[in-house]
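Okay, protein36.cif now, which holds mmCIF, N, CA and C atoms:
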data_input
#
loop_
_atom_site.group_PDB
_atom_site.id
_atom_site.type_symbol
_atom_site.label_atom_id
_atom_site.label_comp_id
_atom_site.auth_asym_id
_atom_site.auth_seq_id
_atom_site.Cartn_x
_atom_site.Cartn_y
_atom_site.Cartn_z
ATOM 1 N N MET L 278 18.633 -26.412 -73.888
ATOM 2 C CA MET L 278 19.405 -26.185 -72.685
ATOM 3 C C MET L 278 19.542 -27.512 -71.949
ATOM 4 N N GLU L 279 20.730 -27.744 -71.460
ATOM 5 C CA GLU L 279 20.971 -28.950 -70.682
ATOM 6 C C GLU L 279 21.371 -28.538 -69.268
ATOM 7 N N VAL L 280 20.787 -29.203 -68.278
ATOM 8 C CA VAL L 280 21.064 -28.893 -66.883
ATOM 9 C C VAL L 280 21.540 -30.156 -66.187
ATOM 10 N N LYS L 281 22.638 -30.048 -65.462
ATOM 11 C CA LYS L 281 23.153 -31.195 -64.703
ATOM 12 C C LYS L 281 22.625 -31.113 -63.284
ATOM 13 N N LEU L 282 22.086 -32.216 -62.799
ATOM 14 C CA LEU L 282 21.531 -32.278 -61.441
ATOM 15 C C LEU L 282 22.373 -33.220 -60.593
ATOM 16 N N ASP L 283 22.459 -32.914 -59.298
ATOM 17 C CA ASP L 283 23.122 -33.865 -58.406
ATOM 18 C C ASP L 283 22.201 -35.074 -58.240
ATOM 19 N N ALA L 284 22.739 -36.159 -57.712
ATOM 20 C CA ALA L 284 21.993 -37.423 -57.623
ATOM 21 C C ALA L 284 20.716 -37.286 -56.802
ATOM 22 N N GLU L 285 20.767 -36.554 -55.693
ATOM 23 C CA GLU L 285 19.593 -36.395 -54.833
ATOM 24 C C GLU L 285 18.470 -35.643 -55.563
ATOM 25 N N THR L 286 18.831 -34.579 -56.264
ATOM 26 C CA THR L 286 17.832 -33.792 -56.991
ATOM 27 C C THR L 286 17.249 -34.602 -58.144
ATOM 28 N N GLU L 287 18.096 -35.337 -58.833
ATOM 29 C CA GLU L 287 17.614 -36.176 -59.935
ATOM 30 C C GLU L 287 16.616 -37.219 -59.426
ATOM 31 N N LYS L 288 16.891 -37.783 -58.265
ATOM 32 C CA LYS L 288 15.982 -38.758 -57.648
ATOM 33 C C LYS L 288 14.636 -38.102 -57.329
ATOM 34 N N LEU L 289 14.667 -36.877 -56.778
ATOM 35 C CA LEU L 289 13.431 -36.152 -56.476
ATOM 36 C C LEU L 289 12.625 -35.880 -57.744
ATOM 37 N N VAL L 290 13.304 -35.497 -58.802
ATOM 38 C CA VAL L 290 12.628 -35.227 -60.072
ATOM 39 C C VAL L 290 11.959 -36.500 -60.586
ATOM 40 N N ARG L 291 12.684 -37.606 -60.568
ATOM 41 C CA ARG L 291 12.113 -38.884 -61.038
ATOM 42 C C ARG L 291 10.867 -39.268 -60.231
ATOM 43 N N LYS L 292 10.961 -39.114 -58.890
ATOM 44 C CA LYS L 292 9.820 -39.465 -58.032
ATOM 45 C C LYS L 292 8.596 -38.608 -58.365
ATOM 46 N N GLU L 293 8.805 -37.319 -58.585
ATOM 47 C CA GLU L 293 7.689 -36.430 -58.916
ATOM 48 C C GLU L 293 7.057 -36.811 -60.248
ATOM 49 N N ILE L 294 7.868 -37.144 -61.226
ATOM 50 C CA ILE L 294 7.342 -37.548 -62.534
ATOM 51 C C ILE L 294 6.546 -38.845 -62.395
ATOM 52 N N GLU L 295 7.045 -39.761 -61.576
ATOM 53 C CA GLU L 295 6.350 -41.039 -61.357
ATOM 54 C C GLU L 295 4.979 -40.852 -60.725
ATOM 55 N N THR L 296 4.770 -39.776 -59.973
ATOM 56 C CA THR L 296 3.458 -39.537 -59.361
ATOM 57 C C THR L 296 2.420 -39.183 -60.412
ATOM 58 N N GLY L 297 2.891 -38.741 -61.584
ATOM 59 C CA GLY L 297 1.964 -38.346 -62.643
ATOM 60 C C GLY L 297 1.578 -36.877 -62.591
ATOM 61 N N ARG L 298 2.098 -36.133 -61.622
ATOM 62 C CA ARG L 298 1.778 -34.703 -61.531
ATOM 63 C C ARG L 298 2.428 -33.904 -62.643
ATOM 64 N N PHE L 299 3.536 -34.416 -63.184
ATOM 65 C CA PHE L 299 4.256 -33.744 -64.261
ATOM 66 C C PHE L 299 4.558 -34.744 -65.359
ATOM 67 N N ALA L 300 4.470 -34.274 -66.597
ATOM 68 C CA ALA L 300 4.713 -35.158 -67.736
ATOM 69 C C ALA L 300 6.191 -35.474 -67.898
ATOM 70 N N ASP L 301 7.044 -34.516 -67.588
ATOM 71 C CA ASP L 301 8.480 -34.709 -67.761
ATOM 72 C C ASP L 301 9.261 -33.738 -66.889
ATOM 73 N N ALA L 302 10.578 -33.886 -66.900
ATOM 74 C CA ALA L 302 11.448 -33.057 -66.051
ATOM 75 C C ALA L 302 11.330 -31.580 -66.413
ATOM 76 N N GLY L 303 11.184 -31.273 -67.681
ATOM 77 C CA GLY L 303 11.065 -29.880 -68.105
ATOM 78 C C GLY L 303 9.848 -29.201 -67.511
ATOM 79 N N GLU L 304 8.730 -29.907 -67.495
ATOM 80 C CA GLU L 304 7.506 -29.345 -66.916
ATOM 81 C C GLU L 304 7.677 -29.113 -65.417
ATOM 82 N N LEU L 305 8.281 -30.077 -64.715
ATOM 83 C CA LEU L 305 8.511 -29.942 -63.280
ATOM 84 C C LEU L 305 9.439 -28.766 -62.985
ATOM 85 N N VAL L 306 10.550 -28.692 -63.687
ATOM 86 C CA VAL L 306 11.511 -27.614 -63.447
ATOM 87 C C VAL L 306 10.889 -26.259 -63.776
ATOM 88 N N GLY L 307 10.124 -26.181 -64.856
ATOM 89 C CA GLY L 307 9.456 -24.935 -65.213
ATOM 90 C C GLY L 307 8.492 -24.476 -64.129
ATOM 91 N N THR L 308 7.695 -25.392 -63.610
ATOM 92 C CA THR L 308 6.741 -25.061 -62.550
ATOM 93 C C THR L 308 7.471 -24.656 -61.278
ATOM 94 N N ALA L 309 8.495 -25.409 -60.910
ATOM 95 C CA ALA L 309 9.256 -25.093 -59.703
ATOM 96 C C ALA L 309 9.913 -23.718 -59.823
ATOM 97 N N LEU L 310 10.443 -23.403 -60.985
ATOM 98 C CA LEU L 310 11.081 -22.106 -61.182
ATOM 99 C C LEU L 310 10.064 -20.971 -61.087
ATOM 100 N N GLN L 311 8.894 -21.170 -61.676
ATOM 101 C CA GLN L 311 7.846 -20.149 -61.571
ATOM 102 C C GLN L 311 7.470 -19.909 -60.116
ATOM 103 N N HIS L 312 7.306 -20.966 -59.344
ATOM 104 C CA HIS L 312 6.959 -20.836 -57.925
ATOM 105 C C HIS L 312 8.068 -20.118 -57.162
ATOM 106 N N TYR L 313 9.311 -20.466 -57.472
ATOM 107 C CA TYR L 313 10.435 -19.813 -56.810
ATOM 108 C C TYR L 313 10.452 -18.317 -57.123
ATOM 109 N N LEU L 314 10.257 -17.970 -58.387
ATOM 110 C CA LEU L 314 10.291 -16.555 -58.771
ATOM 111 C C LEU L 314 9.150 -15.768 -58.132
ATOM 112 N N ILE L 315 7.985 -16.366 -58.028
ATOM 113 C CA ILE L 315 6.858 -15.704 -57.365
ATOM 114 C C ILE L 315 7.178 -15.490 -55.892
ATOM 115 N N ALA L 316 7.690 -16.517 -55.238
ATOM 116 C CA ALA L 316 8.039 -16.389 -53.817
ATOM 117 C C ALA L 316 9.115 -15.322 -53.629
ATOM 118 N N ARG L 317 10.097 -15.302 -54.500
ATOM 119 C CA ARG L 317 11.161 -14.307 -54.395
ATOM 120 C C ARG L 317 10.610 -12.901 -54.581
ATOM 121 N N GLU L 318 9.676 -12.763 -55.526
ATOM 122 C CA GLU L 318 9.061 -11.462 -55.776
ATOM 123 C C GLU L 318 8.333 -10.958 -54.539
ATOM 124 N N PHE L 319 7.728 -11.865 -53.796
ATOM 125 C CA PHE L 319 7.009 -11.487 -52.583
ATOM 126 C C PHE L 319 7.943 -11.422 -51.373
ATOM 127 N N GLY L 320 9.246 -11.575 -51.612
ATOM 128 C CA GLY L 320 10.209 -11.474 -50.523
ATOM 129 C C GLY L 320 10.207 -12.666 -49.601
ATOM 130 N N GLU L 321 9.838 -13.826 -50.128
ATOM 131 C CA GLU L 321 9.718 -15.009 -49.283
ATOM 132 C C GLU L 321 10.723 -16.084 -49.696
ATOM 133 N N GLU L 322 11.997 -15.755 -49.640
ATOM 134 C CA GLU L 322 13.035 -16.734 -49.929
ATOM 135 C C GLU L 322 13.447 -17.406 -48.619
ATOM 136 N N TYR L 323 13.527 -18.716 -48.634
ATOM 137 C CA TYR L 323 13.885 -19.462 -47.434
ATOM 138 C C TYR L 323 14.953 -20.494 -47.762
ATOM 139 N N THR L 324 15.783 -20.797 -46.779
ATOM 140 C CA THR L 324 16.739 -21.884 -46.930
ATOM 141 C C THR L 324 15.989 -23.202 -46.717
ATOM 142 N N ARG L 325 16.632 -24.286 -47.079
ATOM 143 C CA ARG L 325 16.010 -25.600 -46.866
ATOM 144 C C ARG L 325 15.724 -25.823 -45.384
ATOM 145 N N ALA L 326 16.655 -25.426 -44.527
ATOM 146 C CA ALA L 326 16.460 -25.600 -43.076
ATOM 147 C C ALA L 326 15.263 -24.783 -42.597
ATOM 148 N N GLU L 327 15.102 -23.570 -43.119
ATOM 149 C CA GLU L 327 13.962 -22.744 -42.719
ATOM 150 C C GLU L 327 12.647 -23.378 -43.169
ATOM 151 N N ILE L 328 12.631 -23.918 -44.373
ATOM 152 C CA ILE L 328 11.423 -24.578 -44.883
ATOM 153 C C ILE L 328 11.089 -25.792 -44.024
ATOM 154 N N GLU L 329 12.107 -26.594 -43.704
ATOM 155 C CA GLU L 329 11.874 -27.773 -42.864
ATOM 156 C C GLU L 329 11.355 -27.370 -41.490
ATOM 157 N N GLY L 330 11.871 -26.267 -40.943
ATOM 158 C CA GLY L 330 11.392 -25.771 -39.658
ATOM 159 C C GLY L 330 9.944 -25.333 -39.729
ATOM 160 N N LYS L 331 9.587 -24.653 -40.814
ATOM 161 C CA LYS L 331 8.196 -24.210 -40.999
ATOM 162 C C LYS L 331 7.264 -25.416 -41.116
ATOM 163 N N ILE L 332 7.699 -26.416 -41.840
ATOM 164 C CA ILE L 332 6.885 -27.628 -41.990
ATOM 165 C C ILE L 332 6.698 -28.305 -40.635
ATOM 166 N N ALA L 333 7.782 -28.427 -39.872
ATOM 167 C CA ALA L 333 7.694 -29.069 -38.545
ATOM 168 C C ALA L 333 6.747 -28.296 -37.627
ATOM 169 N N ARG L 334 6.854 -26.958 -37.645
ATOM 170 C CA ARG L 334 5.944 -26.153 -36.805
ATOM 171 C C ARG L 334 4.498 -26.320 -37.265
ATOM 172 N N GLY L 335 4.284 -26.342 -38.562
ATOM 173 C CA GLY L 335 2.929 -26.517 -39.084
ATOM 174 C C GLY L 335 2.332 -27.857 -38.702
ATOM 175 N N LEU L 336 3.132 -28.912 -38.795
ATOM 176 C CA LEU L 336 2.641 -30.240 -38.409
ATOM 177 C C LEU L 336 2.313 -30.288 -36.926
ATOM 178 N N ALA L 337 3.158 -29.647 -36.115
ATOM 179 C CA ALA L 337 2.891 -29.601 -34.675
ATOM 180 C C ALA L 337 1.592 -28.843 -34.399
ATOM 181 N N GLN L 338 1.368 -27.751 -35.116
ATOM 182 C CA GLN L 338 0.128 -26.986 -34.942
ATOM 183 C C GLN L 338 -1.086 -27.823 -35.341
ATOM 184 N N LEU L 339 -0.969 -28.588 -36.422
ATOM 185 C CA LEU L 339 -2.076 -29.460 -36.828
ATOM 186 C C LEU L 339 -2.363 -30.502 -35.759
ATOM 187 N N ASP L 340 -1.297 -31.070 -35.203
ATOM 188 C CA ASP L 340 -1.470 -32.059 -34.134
ATOM 189 C C ASP L 340 -2.194 -31.468 -32.930
ATOM 190 N N GLN L 341 -2.050 -30.159 -32.731
ATOM 191 C CA GLN L 341 -2.699 -29.472 -31.614
ATOM 192 C C GLN L 341 -4.062 -28.907 -32.000
ATOM 193 N N GLY L 342 -4.538 -29.233 -33.211
ATOM 194 C CA GLY L 342 -5.853 -28.771 -33.653
ATOM 195 C C GLY L 342 -5.895 -27.315 -34.068
ATOM 196 N N GLN L 343 -4.753 -26.749 -34.427
ATOM 197 C CA GLN L 343 -4.700 -25.337 -34.777
ATOM 198 C C GLN L 343 -4.776 -25.079 -36.285
ATOM 199 N N GLY L 344 -5.139 -26.061 -37.067
ATOM 200 C CA GLY L 344 -5.206 -25.893 -38.517
ATOM 201 C C GLY L 344 -6.487 -25.207 -38.952
ATOM 202 N N ILE L 345 -6.505 -24.774 -40.224
ATOM 203 C CA ILE L 345 -7.730 -24.224 -40.810
ATOM 204 C C ILE L 345 -8.077 -25.050 -42.040
ATOM 205 N N ASP L 346 -9.309 -24.952 -42.464
ATOM 206 C CA ASP L 346 -9.798 -25.658 -43.640
ATOM 207 C C ASP L 346 -8.978 -25.267 -44.867
ATOM 208 N N GLY L 347 -8.658 -26.224 -45.708
ATOM 209 C CA GLY L 347 -7.850 -25.972 -46.900
ATOM 210 C C GLY L 347 -8.455 -24.941 -47.830
ATOM 211 N N GLU L 348 -9.754 -25.034 -48.085
ATOM 212 C CA GLU L 348 -10.397 -24.055 -48.965
ATOM 213 C C GLU L 348 -10.315 -22.653 -48.385
ATOM 214 N N GLU L 349 -10.504 -22.543 -47.080
ATOM 215 C CA GLU L 349 -10.403 -21.239 -46.414
ATOM 216 C C GLU L 349 -8.988 -20.678 -46.561
ATOM 217 N N PHE L 350 -7.991 -21.550 -46.377
ATOM 218 C CA PHE L 350 -6.612 -21.114 -46.516
ATOM 219 C C PHE L 350 -6.340 -20.589 -47.919
ATOM 220 N N PHE L 351 -6.754 -21.348 -48.935
ATOM 221 C CA PHE L 351 -6.467 -20.921 -50.300
ATOM 222 C C PHE L 351 -7.217 -19.643 -50.661
ATOM 223 N N GLU L 352 -8.385 -19.446 -50.098
ATOM 224 C CA GLU L 352 -9.098 -18.184 -50.322
ATOM 225 C C GLU L 352 -8.317 -17.028 -49.707
ATOM 226 N N GLN L 353 -7.798 -17.233 -48.501
ATOM 227 C CA GLN L 353 -6.975 -16.201 -47.861
ATOM 228 C C GLN L 353 -5.711 -15.934 -48.678
ATOM 229 N N LEU L 354 -5.115 -16.987 -49.216
ATOM 230 C CA LEU L 354 -3.906 -16.856 -50.026
ATOM 231 C C LEU L 354 -4.195 -16.091 -51.317
ATOM 232 N N ARG L 355 -5.308 -16.416 -51.976
ATOM 233 C CA ARG L 355 -5.691 -15.690 -53.196
ATOM 234 C C ARG L 355 -5.888 -14.207 -52.893
ATOM 235 N N LYS L 356 -6.565 -13.913 -51.785
ATOM 236 C CA LYS L 356 -6.805 -12.522 -51.388
ATOM 237 C C LYS L 356 -5.491 -11.799 -51.135
ATOM 238 N N ARG L 357 -4.574 -12.466 -50.432
ATOM 239 C CA ARG L 357 -3.267 -11.854 -50.167
ATOM 240 C C ARG L 357 -2.539 -11.554 -51.464
ATOM 241 N N GLY L 358 -2.583 -12.495 -52.414
ATOM 242 C CA GLY L 358 -1.934 -12.290 -53.711
ATOM 243 C C GLY L 358 -2.544 -11.119 -54.460
ATOM 244 N N GLN L 359 -3.863 -11.006 -54.422
ATOM 245 C CA GLN L 359 -4.540 -9.872 -55.077
ATOM 246 C C GLN L 359 -4.157 -8.560 -54.410
ATOM 247 N N ASP L 360 -4.109 -8.564 -53.085
ATOM 248 C CA ASP L 360 -3.726 -7.345 -52.360
ATOM 249 C C ASP L 360 -2.301 -6.915 -52.710
ATOM 250 N N LEU L 361 -1.403 -7.888 -52.825
ATOM 251 C CA LEU L 361 -0.015 -7.573 -53.137
ATOM 252 C C LEU L 361 0.143 -7.054 -54.570
ATOM 253 N N GLN L 362 -0.716 -7.513 -55.477
ATOM 254 C CA GLN L 362 -0.624 -7.106 -56.869
ATOM 255 C C GLN L 362 -1.389 -5.822 -57.158
ATOM 256 N N ALA L 363 -2.262 -5.412 -56.243
ATOM 257 C CA ALA L 363 -3.056 -4.193 -56.444
ATOM 258 C C ALA L 363 -2.143 -2.977 -56.456
ATOM 259 N N PRO L 364 -2.456 -2.009 -57.323
ATOM 260 C CA PRO L 364 -1.633 -0.786 -57.337
ATOM 261 C C PRO L 364 -1.666 -0.088 -55.991
ATOM 262 N N ARG L 365 -0.523 0.383 -55.567
ATOM 263 C CA ARG L 365 -0.440 1.089 -54.278
ATOM 264 C C ARG L 365 -0.759 2.552 -54.490
ATOM 265 N N LYS L 366 -1.463 3.123 -53.526
ATOM 266 C CA LYS L 366 -1.853 4.536 -53.618
ATOM 267 C C LYS L 366 -0.923 5.404 -52.833
#

Would you kindly transcribe this structure into structure tokens?
Amino acid sequence: MEVKLDAETEKLVRKEIETGRFADAGELVGTALQHYLIAREFGEEYTRAEIEGKIARGLAQLDQGQGIDGEEFFEQLRKRGQDLQAPRK
């Protein structure tokens, strides 16, 4: 399969590969698609503007000391994912 990317997206892909987090564009696109599908499944689709707004609010909250420990956050996230996947009664 061949996919054509606009110049901005291609630049983002190259930068991510250069960080060493992904071996190649296919691995990056595969991971990004999996994350998108999971978010969509949980009903969490956002526009770019909405994501940027969420990031700005989060940074402002951190500046005000309203953040939580990363490990605590990921534990809460894992629990939420398990709750969402649990069979409903």

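One distance worth recording is that between atom C of Tyr323 in chain L and atom C of Arg291 in chain L, which is 22.9 Å.
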
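The coordinates place atom C of Val290 in chain L at 10.5 Å from CA of Glu304 in chain L.
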
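Relative to CA of Leu305 in chain L, CA of Glu293 in chain L is found at 7.9 Å.
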
Listed atoms of range 322-341 of chain L, axis-aligned box, 3 Å per side: centre and edge lengths to one decimal in Å, as AutoDock Vina command-line options?
--center_x 6.3 --center_y -23.9 --center_z -40.8 --size_x 26.8 --size_y 22.3 --size_z 24.3

Please give the complete set of residues from chain L that DSSP, run on the backbone, assigns to alpha helix (DSSP H), formatted as JSON, numbers by chain. {"L": [284, 285, 286, 287, 288, 289, 290, 291, 292, 293, 294, 295, 296, 302, 303, 304, 305, 306, 307, 308, 309, 310, 311, 312, 313, 314, 315, 316, 317, 318, 325, 326, 327, 328, 329, 330, 331, 332, 333, 334, 335, 336, 337, 338, 339, 340, 347, 348, 349, 350, 351, 352, 353, 354, 355, 356, 357, 358, 359, 360, 361, 362]}
